[in-house]
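input07.txt, holding compact mmCIF, C-alpha atoms:
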# COMPACT_ATOMS: atom_id res chain seq x y z
CA MET E 11 13.36 14.10 -16.48
CA SER E 12 16.53 12.16 -17.23
CA ARG E 13 17.71 9.15 -15.26
CA LEU E 14 20.72 11.10 -13.98
CA THR E 15 18.77 13.92 -12.38
CA ARG E 16 16.62 11.46 -10.50
CA SER E 17 19.34 9.06 -9.36
CA SER E 18 21.33 11.37 -7.09
CA GLY E 19 20.80 9.27 -3.96
CA GLN E 20 21.36 5.52 -3.76
CA GLY E 21 17.72 4.71 -2.95
CA ARG E 22 16.40 7.01 -5.69
CA ALA E 23 18.66 5.36 -8.24
CA VAL E 24 17.09 1.99 -7.49
CA VAL E 25 13.60 3.46 -7.80
CA VAL E 26 14.37 5.00 -11.17
CA ASP E 27 16.01 1.83 -12.43
CA LYS E 28 13.05 -0.33 -11.46
CA ARG E 29 10.61 2.08 -13.13
CA GLU E 30 12.87 2.06 -16.18
CA ALA E 31 13.09 -1.73 -16.11
CA ILE E 32 9.28 -2.04 -16.01
CA LEU E 33 8.83 0.37 -18.92
CA ARG E 34 11.52 -1.39 -21.02
CA ALA E 35 9.95 -4.77 -20.23
CA ALA E 36 6.49 -3.47 -21.12
CA ILE E 37 7.69 -2.14 -24.50
CA LYS E 38 9.09 -5.61 -25.28
CA VAL E 39 5.99 -7.47 -24.06
CA PHE E 40 3.50 -5.14 -25.84
CA ALA E 41 5.51 -5.36 -29.06
CA GLU E 42 5.64 -9.16 -28.94
CA ARG E 43 2.16 -10.09 -27.71
CA GLY E 44 0.12 -6.96 -28.35
CA TYR E 45 -1.24 -4.63 -25.68
CA PHE E 46 -4.65 -6.31 -25.35
CA ASN E 47 -3.15 -9.78 -24.97
CA SER E 48 -0.51 -8.75 -22.41
CA LYS E 49 -0.94 -9.06 -18.66
CA VAL E 50 0.80 -7.09 -15.91
CA ALA E 51 2.24 -10.45 -14.79
CA ASP E 52 3.93 -10.85 -18.22
CA ILE E 53 5.60 -7.46 -17.76
CA ALA E 54 6.73 -8.31 -14.23
CA GLY E 55 8.14 -11.63 -15.48
CA GLU E 56 10.04 -9.92 -18.31
CA ALA E 57 11.44 -7.34 -15.83
CA GLY E 58 12.36 -10.10 -13.37
CA ILE E 59 10.33 -8.67 -10.49
CA ALA E 60 7.24 -9.71 -8.52
CA ASP E 61 3.81 -8.80 -9.96
CA GLY E 62 3.01 -6.66 -6.91
CA THR E 63 6.14 -4.55 -7.44
CA VAL E 64 4.76 -3.25 -10.74
CA TYR E 65 1.81 -1.77 -8.84
CA LEU E 66 4.18 0.24 -6.64
CA TYR E 67 5.07 2.23 -9.74
CA PHE E 68 1.98 2.03 -11.97
CA LYS E 69 -1.73 1.77 -11.22
CA SER E 70 -2.56 -0.28 -14.31
CA LYS E 71 -1.43 -1.65 -17.67
CA ASP E 72 -3.11 1.40 -19.21
CA GLU E 73 -0.93 3.73 -17.12
CA ILE E 74 2.19 1.85 -18.28
CA LEU E 75 1.24 2.39 -21.94
CA HIS E 76 0.64 6.08 -21.27
CA SER E 77 3.98 6.41 -19.48
CA ILE E 78 5.79 4.80 -22.41
CA PHE E 79 4.20 7.28 -24.79
CA ASP E 80 4.64 10.35 -22.58
CA ARG E 81 8.27 9.61 -21.75
CA ALA E 82 9.24 8.87 -25.36
CA MET E 83 7.48 11.98 -26.70
CA GLU E 84 8.98 14.22 -24.01
CA GLU E 85 12.48 12.96 -24.77
CA PHE E 86 11.99 13.19 -28.52
CA ILE E 87 10.56 16.72 -28.38
CA SER E 88 13.14 18.14 -25.98
CA GLU E 89 16.07 16.59 -27.90
CA GLY E 90 14.55 17.69 -31.19
CA LYS E 91 13.96 21.28 -30.05
CA LYS E 92 17.57 21.57 -28.92
CA GLU E 93 18.86 20.26 -32.25
CA ILE E 94 16.72 22.40 -34.52
CA ALA E 95 17.31 25.57 -32.50
CA GLU E 96 20.82 25.56 -33.98
CA ILE E 97 19.61 25.39 -37.59
CA ALA E 98 18.81 28.71 -39.26
CA GLU E 99 16.89 27.79 -42.45
CA ALA E 100 13.36 26.40 -42.16
CA ASP E 101 13.83 23.79 -44.90
CA LYS E 102 17.00 22.41 -43.28
CA ARG E 103 15.22 22.40 -39.93
CA LEU E 104 12.34 20.42 -41.43
CA ARG E 105 14.84 17.98 -42.95
CA ARG E 106 16.39 17.39 -39.53
CA ILE E 107 12.96 16.80 -37.98
CA ALA E 108 12.18 14.14 -40.60
CA GLU E 109 15.56 12.49 -40.07
CA LEU E 110 15.16 12.45 -36.28
CA HIS E 111 11.69 10.93 -36.62
CA LEU E 112 13.00 7.98 -38.64
CA GLU E 113 16.32 7.67 -36.78
CA LYS E 114 14.59 7.48 -33.41
CA LEU E 115 12.02 4.85 -34.36
CA GLY E 116 14.46 3.03 -36.64
CA ALA E 117 16.81 2.52 -33.68
CA ASP E 118 14.22 0.80 -31.49
CA ARG E 119 11.98 -1.67 -33.28
CA ASP E 120 9.95 -2.66 -30.19
CA MET E 121 9.25 0.99 -29.41
CA ALA E 122 8.27 1.53 -33.05
CA ILE E 123 5.76 -1.34 -32.85
CA VAL E 124 4.23 0.17 -29.69
CA PHE E 125 3.99 3.58 -31.39
CA GLN E 126 2.73 2.41 -34.79
CA VAL E 127 0.43 -0.41 -33.74
CA GLU E 128 -0.35 -0.74 -30.03
CA LEU E 129 -1.11 2.96 -29.52
CA ARG E 130 -3.42 2.97 -32.57
CA GLY E 131 -5.65 0.08 -31.59
CA SER E 132 -8.44 1.99 -29.92
CA THR E 133 -10.09 5.34 -30.53
CA LYS E 134 -9.64 6.02 -26.81
CA PHE E 135 -5.83 5.69 -27.06
CA MET E 136 -5.78 7.56 -30.34
CA GLU E 137 -7.65 10.50 -28.87
CA GLU E 138 -5.44 10.69 -25.79
CA PHE E 139 -2.36 10.16 -27.90
CA SER E 140 -3.39 12.97 -30.27
CA ALA E 141 -4.28 15.33 -27.48
CA ALA E 142 -1.00 14.78 -25.64
CA GLY E 143 2.57 15.01 -26.93
CA PHE E 144 1.62 14.25 -30.50
CA ALA E 145 -0.16 17.60 -30.93
CA ASP E 146 3.02 19.36 -29.72
CA TYR E 147 5.04 17.49 -32.30
CA LEU E 148 2.69 18.41 -35.14
CA LYS E 149 2.81 22.04 -33.93
CA ILE E 150 6.60 22.10 -34.26
CA ILE E 151 6.38 20.90 -37.86
CA GLN E 152 3.62 23.42 -38.58
CA GLN E 153 5.58 26.34 -37.08
CA THR E 154 8.66 25.39 -39.09
CA ILE E 155 6.57 25.52 -42.25
CA GLU E 156 5.06 28.89 -41.25
CA GLU E 157 8.55 30.30 -40.66
CA GLY E 158 9.67 28.99 -44.04
CA GLN E 159 6.70 30.73 -45.64
CA LYS E 160 7.63 34.01 -43.92
CA THR E 161 11.27 33.81 -45.01
CA GLY E 162 10.16 32.88 -48.54
CA VAL E 163 11.70 29.43 -48.69
CA PHE E 164 8.28 27.69 -48.80
CA ARG E 165 5.29 28.40 -51.03
CA ASN E 166 2.71 30.70 -49.49
CA ASP E 167 -0.38 29.11 -51.02
CA LEU E 168 -0.31 25.96 -48.86
CA LYS E 169 -1.95 25.56 -45.46
CA PRO E 170 0.84 24.92 -42.90
CA VAL E 171 -1.33 22.63 -40.77
CA ILE E 172 -2.16 20.44 -43.77
CA CYS E 173 1.48 20.41 -44.89
CA ALA E 174 2.47 19.27 -41.39
CA LYS E 175 -0.07 16.44 -41.40
CA ILE E 176 1.00 15.31 -44.85
CA LEU E 177 4.68 15.22 -43.91
CA TYR E 178 3.83 13.40 -40.70
CA GLY E 179 1.55 10.96 -42.56
CA ALA E 180 4.26 10.18 -45.10
CA LEU E 181 6.92 9.56 -42.41
CA ASP E 182 4.45 7.54 -40.38
CA GLU E 183 3.72 5.30 -43.36
CA MET E 184 7.46 4.70 -43.83
CA VAL E 185 7.72 3.52 -40.20
CA THR E 186 4.67 1.24 -40.42
CA ASN E 187 5.95 -0.32 -43.64
CA TRP E 188 9.35 -0.84 -42.07
CA ILE E 189 7.79 -2.71 -39.14
CA LEU E 190 5.61 -4.91 -41.31
CA SER E 191 8.21 -5.64 -43.98
CA LYS E 192 9.54 -9.19 -44.20
CA LYS E 193 12.83 -7.69 -45.44
CA ALA E 194 15.18 -5.87 -43.06
CA TYR E 195 16.37 -2.43 -44.23
CA PRO E 196 17.53 0.78 -42.55
CA LEU E 197 14.68 3.20 -41.91
CA ALA E 198 16.52 6.50 -41.49
CA PRO E 199 17.66 6.98 -45.14
CA LEU E 200 14.01 7.12 -46.23
CA ALA E 201 13.78 10.64 -44.78
CA ASP E 202 15.58 11.76 -47.93
CA GLU E 203 13.06 10.04 -50.24
CA VAL E 204 10.13 11.54 -48.36
CA LEU E 205 11.59 15.05 -48.49
CA LYS E 206 12.48 14.76 -52.18
CA ILE E 207 8.79 14.38 -52.88
CA PHE E 208 7.52 16.73 -50.17
CA PHE E 209 9.93 19.50 -51.20
CA GLY E 210 10.14 18.87 -54.90
CA GLY E 211 6.75 17.57 -55.94
CA VAL E 212 6.14 14.83 -58.44
CA LEU E 213 5.01 16.66 -61.55
CA ARG E 214 7.70 17.63 -64.05
CA MET F 1 -19.42 -10.18 -55.59
CA SER F 2 -22.33 -7.73 -55.54
CA ARG F 3 -25.55 -8.28 -53.64
CA LEU F 4 -27.49 -8.56 -56.89
CA THR F 5 -25.48 -11.43 -58.34
CA ARG F 6 -26.01 -13.43 -55.18
CA SER F 7 -29.67 -12.72 -54.62
CA SER F 8 -31.14 -14.35 -57.73
CA GLY F 9 -33.27 -16.84 -55.77
CA GLN F 10 -35.54 -15.97 -52.88
CA GLY F 11 -33.62 -18.13 -50.38
CA ARG F 12 -30.29 -16.74 -51.51
CA ALA F 13 -31.54 -13.20 -51.13
CA VAL F 14 -32.31 -13.80 -47.47
CA VAL F 15 -28.89 -15.36 -46.93
CA VAL F 16 -27.14 -12.39 -48.48
CA ASP F 17 -29.23 -9.91 -46.51
CA LYS F 18 -28.47 -11.62 -43.19
CA ARG F 19 -24.78 -11.76 -43.99
CA GLU F 20 -24.97 -8.09 -44.95
CA ALA F 21 -26.87 -7.26 -41.78
CA ILE F 22 -24.23 -8.98 -39.65
CA LEU F 23 -21.38 -7.14 -41.38
CA ARG F 24 -23.13 -3.75 -41.08
CA ALA F 25 -23.88 -4.44 -37.41
CA ALA F 26 -20.27 -5.47 -36.79
CA ILE F 27 -18.92 -2.27 -38.38
CA LYS F 28 -21.15 -0.25 -36.03
CA VAL F 29 -20.26 -2.29 -32.93
CA PHE F 30 -16.50 -2.35 -33.65
CA ALA F 31 -16.50 1.41 -34.32
CA GLU F 32 -18.36 2.14 -31.09
CA ARG F 33 -16.78 -0.28 -28.61
CA GLY F 34 -13.53 -1.30 -30.27
CA TYR F 35 -12.79 -4.71 -31.75
CA PHE F 36 -11.19 -6.18 -28.63
CA ASN F 37 -14.04 -5.09 -26.37
CA SER F 38 -16.80 -6.35 -28.69
CA LYS F 39 -18.48 -9.72 -28.37
CA VAL F 40 -20.22 -11.74 -31.08
CA ALA F 41 -23.36 -11.38 -28.91
CA ASP F 42 -23.12 -7.57 -29.25
CA ILE F 43 -23.05 -7.94 -33.04
CA ALA F 44 -26.02 -10.33 -33.00
CA GLY F 45 -27.94 -7.89 -30.77
CA GLU F 46 -27.22 -4.98 -33.08
CA ALA F 47 -28.32 -7.04 -36.12
CA GLY F 48 -31.46 -8.19 -34.30
CA ILE F 49 -30.72 -11.91 -34.65
CA ALA F 50 -29.84 -14.78 -32.29
CA ASP F 51 -26.16 -15.23 -31.33
CA GLY F 52 -26.07 -18.70 -32.92
CA THR F 53 -27.21 -17.31 -36.27
CA VAL F 54 -23.99 -15.31 -36.57
CA TYR F 55 -22.05 -18.59 -36.47
CA LEU F 56 -24.00 -19.88 -39.48
CA TYR F 57 -22.23 -17.21 -41.51
CA PHE F 58 -18.92 -16.60 -39.72
CA LYS F 59 -16.65 -18.87 -37.68
CA SER F 60 -15.44 -16.09 -35.36
CA LYS F 61 -15.24 -12.38 -34.60
CA ASP F 62 -11.88 -12.43 -36.34
CA GLU F 63 -13.48 -13.76 -39.53
CA ILE F 64 -16.07 -10.98 -39.39
CA LEU F 65 -13.33 -8.32 -39.24
CA HIS F 66 -11.55 -9.95 -42.17
CA SER F 67 -14.78 -10.10 -44.19
CA ILE F 68 -15.40 -6.40 -43.56
CA PHE F 69 -11.94 -5.57 -44.83
CA ASP F 70 -11.98 -7.94 -47.82
CA ARG F 71 -15.42 -6.87 -49.00
CA ALA F 72 -14.69 -3.15 -48.69
CA MET F 73 -11.33 -3.43 -50.45
CA GLU F 74 -12.77 -5.58 -53.25
CA GLU F 75 -15.56 -3.09 -53.86
CA PHE F 76 -13.24 -0.09 -53.66
CA ILE F 77 -10.66 -1.60 -56.02
CA SER F 78 -13.14 -2.84 -58.63
CA GLU F 79 -15.07 0.46 -58.65
CA GLY F 80 -11.81 2.41 -58.72
CA LYS F 81 -10.34 0.40 -61.60
CA LYS F 82 -13.46 0.97 -63.67
CA GLU F 83 -13.37 4.72 -63.03
CA ILE F 84 -9.70 5.28 -63.73
CA ALA F 85 -9.70 3.12 -66.87
CA GLU F 86 -11.60 5.98 -68.52
CA ILE F 87 -8.98 8.61 -67.63
CA ALA F 88 -6.06 8.97 -70.04
CA GLU F 89 -3.47 11.07 -68.16
CA ALA F 90 -1.62 9.54 -65.21
CA ASP F 91 -1.78 12.68 -63.06
CA LYS F 92 -5.55 12.98 -63.50
CA ARG F 93 -5.90 9.28 -62.75
CA LEU F 94 -3.91 9.71 -59.55
CA ARG F 95 -6.11 12.65 -58.60
CA ARG F 96 -9.22 10.52 -59.02
CA ILE F 97 -7.70 7.75 -56.85
CA ALA F 98 -7.00 10.25 -54.05
CA GLU F 99 -10.52 11.67 -54.33
CA LEU F 100 -12.11 8.20 -54.25
CA HIS F 101 -10.04 7.26 -51.19
CA LEU F 102 -11.34 10.23 -49.20
CA GLU F 103 -14.88 10.17 -50.66
CA LYS F 104 -15.34 6.52 -49.77
CA LEU F 105 -14.14 6.75 -46.18
CA GLY F 106 -15.64 10.21 -45.70
CA ALA F 107 -19.08 8.80 -46.56
CA ASP F 108 -19.03 6.10 -43.88
CA ARG F 109 -17.59 7.17 -40.55
CA ASP F 110 -18.05 3.80 -38.81
CA MET F 111 -16.27 2.03 -41.66
CA ALA F 112 -13.50 4.63 -41.49
CA ILE F 113 -13.01 3.94 -37.76
CA VAL F 114 -12.75 0.20 -38.45
CA PHE F 115 -10.21 0.85 -41.22
CA GLN F 116 -8.13 3.49 -39.44
CA VAL F 117 -8.20 2.13 -35.89
CA GLU F 118 -9.59 -1.37 -35.39
CA LEU F 119 -7.62 -2.95 -38.24
CA ARG F 120 -4.39 -1.34 -36.98
CA GLY F 121 -4.51 -2.56 -33.41
CA SER F 122 -2.39 -5.67 -33.75
CA THR F 123 0.64 -6.59 -35.83
CA LYS F 124 -1.23 -9.77 -36.80
CA PHE F 125 -4.08 -7.78 -38.37
CA MET F 126 -1.67 -5.30 -39.90
CA GLU F 127 0.31 -8.03 -41.59
CA GLU F 128 -2.77 -9.75 -42.98
CA PHE F 129 -4.27 -6.43 -43.96
CA SER F 130 -1.07 -5.41 -45.79
CA ALA F 131 -0.73 -8.75 -47.52
CA ALA F 132 -4.33 -8.77 -48.72
CA GLY F 133 -6.23 -6.10 -50.65
CA PHE F 134 -4.09 -3.28 -49.37
CA ALA F 135 -1.06 -4.40 -51.38
CA ASP F 136 -3.23 -4.41 -54.53
CA TYR F 137 -4.30 -0.86 -53.78
CA LEU F 138 -0.72 0.35 -53.31
CA LYS F 139 0.21 -1.42 -56.56
CA ILE F 140 -2.43 0.55 -58.49
CA ILE F 141 -1.02 3.84 -57.17
CA GLN F 142 2.52 2.69 -57.96
CA GLN F 143 1.63 1.65 -61.53
CA THR F 144 -0.10 4.97 -62.14
CA ILE F 145 3.09 6.74 -61.08
CA GLU F 146 5.22 4.49 -63.31
CA GLU F 147 2.98 5.24 -66.27
CA GLY F 148 3.22 8.95 -65.54
CA GLN F 149 7.01 8.64 -65.52
CA LYS F 150 6.93 6.88 -68.91
CA THR F 151 4.67 9.49 -70.48
CA GLY F 152 6.82 12.24 -68.99
CA VAL F 153 4.21 13.81 -66.73
CA PHE F 154 6.03 12.74 -63.53
CA ARG F 155 9.69 13.18 -62.57
CA ASN F 156 11.89 10.18 -63.36
CA ASP F 157 14.23 10.46 -60.38
CA LEU F 158 11.68 9.32 -57.77
CA LYS F 159 11.01 5.70 -56.78
CA PRO F 160 7.40 4.87 -57.70
CA VAL F 161 6.94 2.52 -54.72
CA ILE F 162 8.06 5.23 -52.28
CA CYS F 163 5.88 7.84 -54.02
CA ALA F 164 2.92 5.50 -53.66
CA LYS F 165 3.54 4.96 -49.94
CA ILE F 166 3.93 8.69 -49.36
CA LEU F 167 0.69 9.53 -51.13
CA TYR F 168 -1.08 6.75 -49.26
CA GLY F 169 0.45 7.87 -45.94
CA ALA F 170 -0.66 11.44 -46.50
CA LEU F 171 -4.25 10.45 -47.39
CA ASP F 172 -4.32 8.01 -44.50
CA GLU F 173 -3.32 10.74 -42.07
CA MET F 174 -6.14 12.95 -43.38
CA VAL F 175 -8.65 10.18 -42.65
CA THR F 176 -7.30 9.48 -39.14
CA ASN F 177 -7.37 13.19 -38.29
CA TRP F 178 -10.91 13.46 -39.58
CA ILE F 179 -12.03 10.60 -37.31
CA LEU F 180 -10.33 11.99 -34.23
CA SER F 181 -11.28 15.62 -34.77
CA LYS F 182 -13.76 17.18 -32.35
CA LYS F 183 -14.92 19.40 -35.21
CA ALA F 184 -17.02 18.01 -38.06
CA TYR F 185 -15.79 18.82 -41.58
CA PRO F 186 -16.04 17.20 -45.03
CA LEU F 187 -13.14 14.84 -45.74
CA ALA F 188 -13.25 14.59 -49.54
CA PRO F 189 -12.08 18.18 -50.37
CA LEU F 190 -8.76 17.46 -48.63
CA ALA F 191 -7.72 15.35 -51.64
CA ASP F 192 -7.00 18.64 -53.36
CA GLU F 193 -4.75 19.89 -50.52
CA VAL F 194 -2.81 16.61 -50.44
CA LEU F 195 -2.28 16.64 -54.21
CA LYS F 196 -1.26 20.31 -54.25
CA ILE F 197 1.69 19.34 -52.05
CA PHE F 198 2.34 15.93 -53.57
CA PHE F 199 2.32 17.31 -57.11
CA GLY F 200 3.70 20.73 -56.55
CA GLY F 201 6.15 20.38 -53.68
CA VAL F 202 6.61 22.87 -50.88
CA LEU F 203 9.80 24.69 -51.79
CA ARG F 204 9.47 27.88 -53.82
Have the structure of the file written as structure tokens, please.
Amino acid sequence: MSRLTRSSGQGRAVVVDKREAILRAAIKVFAERGYFNSKVADIAGEAGIADGTVYLYFKSKDEILHSIFDRAMEEFISEGKKEIAEIAEADKRLRRIAELHLEKLGADRDMAIVFQVELRGSTKFMEEFSAAGFADYLKIIQQTIEEGQKTGVFRNDLKPVICAKILYGALDEMVTNWILSKKAYPLAPLADEVLKIFFGGVLR
Amino acid sequence: MSRLTRSSGQGRAVVVDKREAILRAAIKVFAERGYFNSKVADIAGEAGIADGTVYLYFKSKDEILHSIFDRAMEEFISEGKKEIAEIAEADKRLRRIAELHLEKLGADRDMAIVFQVELRGSTKFMEEFSAAGFADYLKIIQQTIEEGQKTGVFRNDLKPVICAKILYGALDEMVTNWILSKKAYPLAPLADEVLKIFFGGVLR
């Protein structure tokens, strides 16, 4: 649900903005201090609201983390689906998915830290995270590979689900390295390097 | 340092075994409860020793996590180096590295959870973890790719450091999926699937 659709009335707009403000503040606080070290009071302070106000929108710190993940994945998947629907060839579609993955996280470092680090810090999160939007995302990659196998653009002797995980794993590693690197560099152009290897292979 | 080299005297042997017992217990406790939720007392309980005894060997829970990582990486790298030194061709050497990666983690699920989840839960750990043994590991993969480029077995138009990160990212994703999967399956055979794509590419 976009901010616009929810902010038709004056009162509603305030509600959405406060919810937004809490989520933005939480992304910043989790990225800086780590999820386990953050308190709801830190998030309220960063958002410039009273501690109690946070609880009008979210039951717990855990629910805030889940909302960050769910909202980001929903946005990413719906935007992504719209974009790739206009691309005919499976390989070009896969290229656009890889680019979007790195563009999106490369444009928001705090969000990238929450996705690459804070959401990975417990098996509980990881399981929920895998079961939720992440599985949908992997499915889109897998289906694109299956289509490419049907139309003959991709090799038929590879398992689409494994291909999808490998492409995801490679992109994911690029994002984690980008976060941890002492040097600043743009993330998005690495989609090309990843695809050169994924598409072309390494052996001569 | 292996257990044997440290356990030459009777007293030393006991020391090494207690240290070992604490590390093994910590791997189990961290994997089950998560690093942030675990207490030193839980580790002592699991190892069957008094809480205070743990502090004779380790200053803190943090130091225990670091020792788990350092010891496992040291072992993995020294064993790996020995094995690959006997393999002449770069592509076969790379295959053996990928197999060892999945064999090692596939043989010890608790250790795999500590590596894939507990060590990733904070940027602080991630930075230390990257700076330490992990960078050495990535370097070995990178050098193997560089050698393969020199001997003509690998394409020359790919950046070895990016190739190394992509192969690592792909293997890493296989391990994380294996941990989180509700179904039990052997991890090691997936090295072949990863290399089929990494070596051969996806496009027809």
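Taking atom CA of F:Phe129 as the reference point, atom CA of F:Glu147 is found at 26.2 Å.
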Can you write out as a tab-separated table which residues of chain F fall within 7 Å of chain E, alongside each residue's closest atom pair and its distance in Å to one decimal, counting only C-alpha atoms and ordering rows by chain and ascending residue number?
residue	atom	partner	partner_atom	distance
F:Gly34	CA	E:Ser132	CA	6.1
F:Val117	CA	E:Gly131	CA	5.4
F:Glu118	CA	E:Gly131	CA	5.7
F:Arg120	CA	E:Gly131	CA	5.7
F:Gly121	CA	E:Gly131	CA	3.4
F:Ser122	CA	E:Val127	CA	6.0
F:Thr123	CA	E:Val127	CA	6.5
F:Glu127	CA	E:Leu190	CA	6.2
F:Val153	CA	E:Arg214	CA	5.8
F:Phe154	CA	E:Leu213	CA	4.5
F:Arg155	CA	E:Arg214	CA	5.1
F:Lys165	CA	E:Glu183	CA	6.6
F:Ile166	CA	E:Ala180	CA	4.5
F:Gly169	CA	E:Ala180	CA	4.5
F:Ala170	CA	E:Ile176	CA	4.5
F:Asp172	CA	E:Gly179	CA	6.9
F:Glu173	CA	E:Gly179	CA	4.9
F:Leu180	CA	E:Glu137	CA	6.2
F:Val194	CA	E:Ile176	CA	6.9
F:Ile197	CA	E:Gly211	CA	6.6
F:Phe198	CA	E:Gly211	CA	5.3
F:Phe199	CA	E:Gly211	CA	4.6
F:Gly200	CA	E:Gly211	CA	4.4
F:Gly201	CA	E:Gly211	CA	3.7
F:Val202	CA	E:Phe209	CA	4.7
F:Leu203	CA	E:Phe164	CA	4.5
F:Arg204	CA	E:Arg165	CA	5.1
Next item on the list: For each of F:Ile68, F:Ile97, F:Ala191, F:Leu138, take the minimum atom-to-atom distance to F:Asp110, counting only C-alpha atoms, then give the residue where this is smallest.
Entry: F:Ile68
Checklist line | Neighbour list for E:Tyr65 as a PyMOL selection string, cut-off 10 Å, all atoms listed in the file, skip fewer than 6 positions in-chain | finding: chain E and resi 50+54+71
Output for the residues just chosen: C-alpha atoms as a PDB file, in the coordinates of the input:
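File produced: part.pdb:
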ATOM      1  CA  VAL E  50       0.800  -7.090 -15.910  1.00  0.00           C
ATOM      2  CA  ALA E  54       6.730  -8.310 -14.230  1.00  0.00           C
ATOM      3  CA  LYS E  71      -1.430  -1.650 -17.670  1.00  0.00           C
TER       4      LYS E  71
END
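Between atom CA of F:Arg24 and atom CA of F:Ala112 there is a distance of 12.8 Å.
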Check: Rounded to one decimal in Å, what is the spacing between atom CA of F:Lys39 and atom CA of E:Ser70?
Finding: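 Spanning atom CA of F:Lys39 to atom CA of E:Ser70 is a straight-line distance of 23.2 Å.
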Next item on the list: Could you give me, as a list in words, the residues that sit within 10 Å of (14.3, -0.1, -36.4) in the file's coordinates, counting only C-alpha atoms?
Entry: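 Collected hits near the coordinates: Leu112, Glu113, Lys114, Leu115, Gly116, Ala117, Asp118, Arg119, Asp120, Met121, Ala122, Ile123, Val185, Trp188, Ile189, Ala194, Tyr195, Pro196, Leu197 and Ala198 of chain E.
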Kindly save the residues from that selection, with C-alpha atoms included, as a tab-separated table (two decimals), in the frame of the given file.
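The resulting file, out-v8.tsv, is shown below:
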chain	number	residue	atom	x	y	z
E	112	LEU	CA	13.00	7.98	-38.64
E	113	GLU	CA	16.32	7.67	-36.78
E	114	LYS	CA	14.59	7.48	-33.41
E	115	LEU	CA	12.02	4.85	-34.36
E	116	GLY	CA	14.46	3.03	-36.64
E	117	ALA	CA	16.81	2.52	-33.68
E	118	ASP	CA	14.22	0.80	-31.49
E	119	ARG	CA	11.98	-1.67	-33.28
E	120	ASP	CA	9.95	-2.66	-30.19
E	121	MET	CA	9.25	0.99	-29.41
E	122	ALA	CA	8.27	1.53	-33.05
E	123	ILE	CA	5.76	-1.34	-32.85
E	185	VAL	CA	7.72	3.52	-40.20
E	188	TRP	CA	9.35	-0.84	-42.07
E	189	ILE	CA	7.79	-2.71	-39.14
E	194	ALA	CA	15.18	-5.87	-43.06
E	195	TYR	CA	16.37	-2.43	-44.23
E	196	PRO	CA	17.53	0.78	-42.55
E	197	LEU	CA	14.68	3.20	-41.91
E	198	ALA	CA	16.52	6.50	-41.49
Note to self: Show me, as a ChimeraX atom specification, the residues that have an atom within 10 Å of E:Asp52 when counting all atoms listed in the file, minus same-chain residues fewer than 6 positions from it.
What the structure shows: /E:35-36,39-40,43,58,61
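Comparing F:Glu83, F:Arg95, F:Lys18, F:Ile141 by their smallest distance to F:Ala50, the closest is F:Lys18 (using only C-alpha atoms).
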Starting from the sparse input, extend stretch 117-125 of chain F to N, CA, C and O atoms and give the output as a short mmCIF file (atom, residue, chain, number, x, y, z; two decimals), in the coordinates of the input.
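Everything below was put into out.cif:
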data_model
loop_
_atom_site.label_atom_id
_atom_site.label_comp_id
_atom_site.auth_asym_id
_atom_site.auth_seq_id
_atom_site.Cartn_x
_atom_site.Cartn_y
_atom_site.Cartn_z
N VAL F 117 -8.57 2.46 -37.27
CA VAL F 117 -8.20 2.13 -35.89
C VAL F 117 -8.26 0.63 -35.62
O VAL F 117 -7.26 0.01 -35.27
N GLU F 118 -9.42 0.03 -35.82
CA GLU F 118 -9.59 -1.37 -35.39
C GLU F 118 -8.69 -2.33 -36.17
O GLU F 118 -8.17 -3.29 -35.60
N LEU F 119 -8.49 -2.06 -37.44
CA LEU F 119 -7.62 -2.95 -38.24
C LEU F 119 -6.14 -2.71 -37.98
O LEU F 119 -5.29 -3.47 -38.45
N ARG F 120 -5.81 -1.67 -37.21
CA ARG F 120 -4.39 -1.34 -36.98
C ARG F 120 -3.91 -1.76 -35.60
O ARG F 120 -2.79 -1.49 -35.22
N GLY F 121 -4.79 -2.34 -34.83
CA GLY F 121 -4.51 -2.56 -33.41
C GLY F 121 -3.66 -3.77 -33.07
O GLY F 121 -3.36 -4.00 -31.92
N SER F 122 -3.29 -4.56 -34.05
CA SER F 122 -2.39 -5.67 -33.75
C SER F 122 -1.50 -5.91 -34.96
O SER F 122 -1.92 -5.71 -36.09
N THR F 123 -0.27 -6.33 -34.70
CA THR F 123 0.64 -6.59 -35.83
C THR F 123 0.09 -7.71 -36.70
O THR F 123 0.27 -7.70 -37.91
N LYS F 124 -0.61 -8.65 -36.06
CA LYS F 124 -1.23 -9.77 -36.80
C LYS F 124 -2.20 -9.22 -37.85
O LYS F 124 -2.10 -9.54 -39.04
N PHE F 125 -3.15 -8.38 -37.42
CA PHE F 125 -4.08 -7.78 -38.37
C PHE F 125 -3.33 -6.99 -39.44
O PHE F 125 -3.64 -7.07 -40.61
#
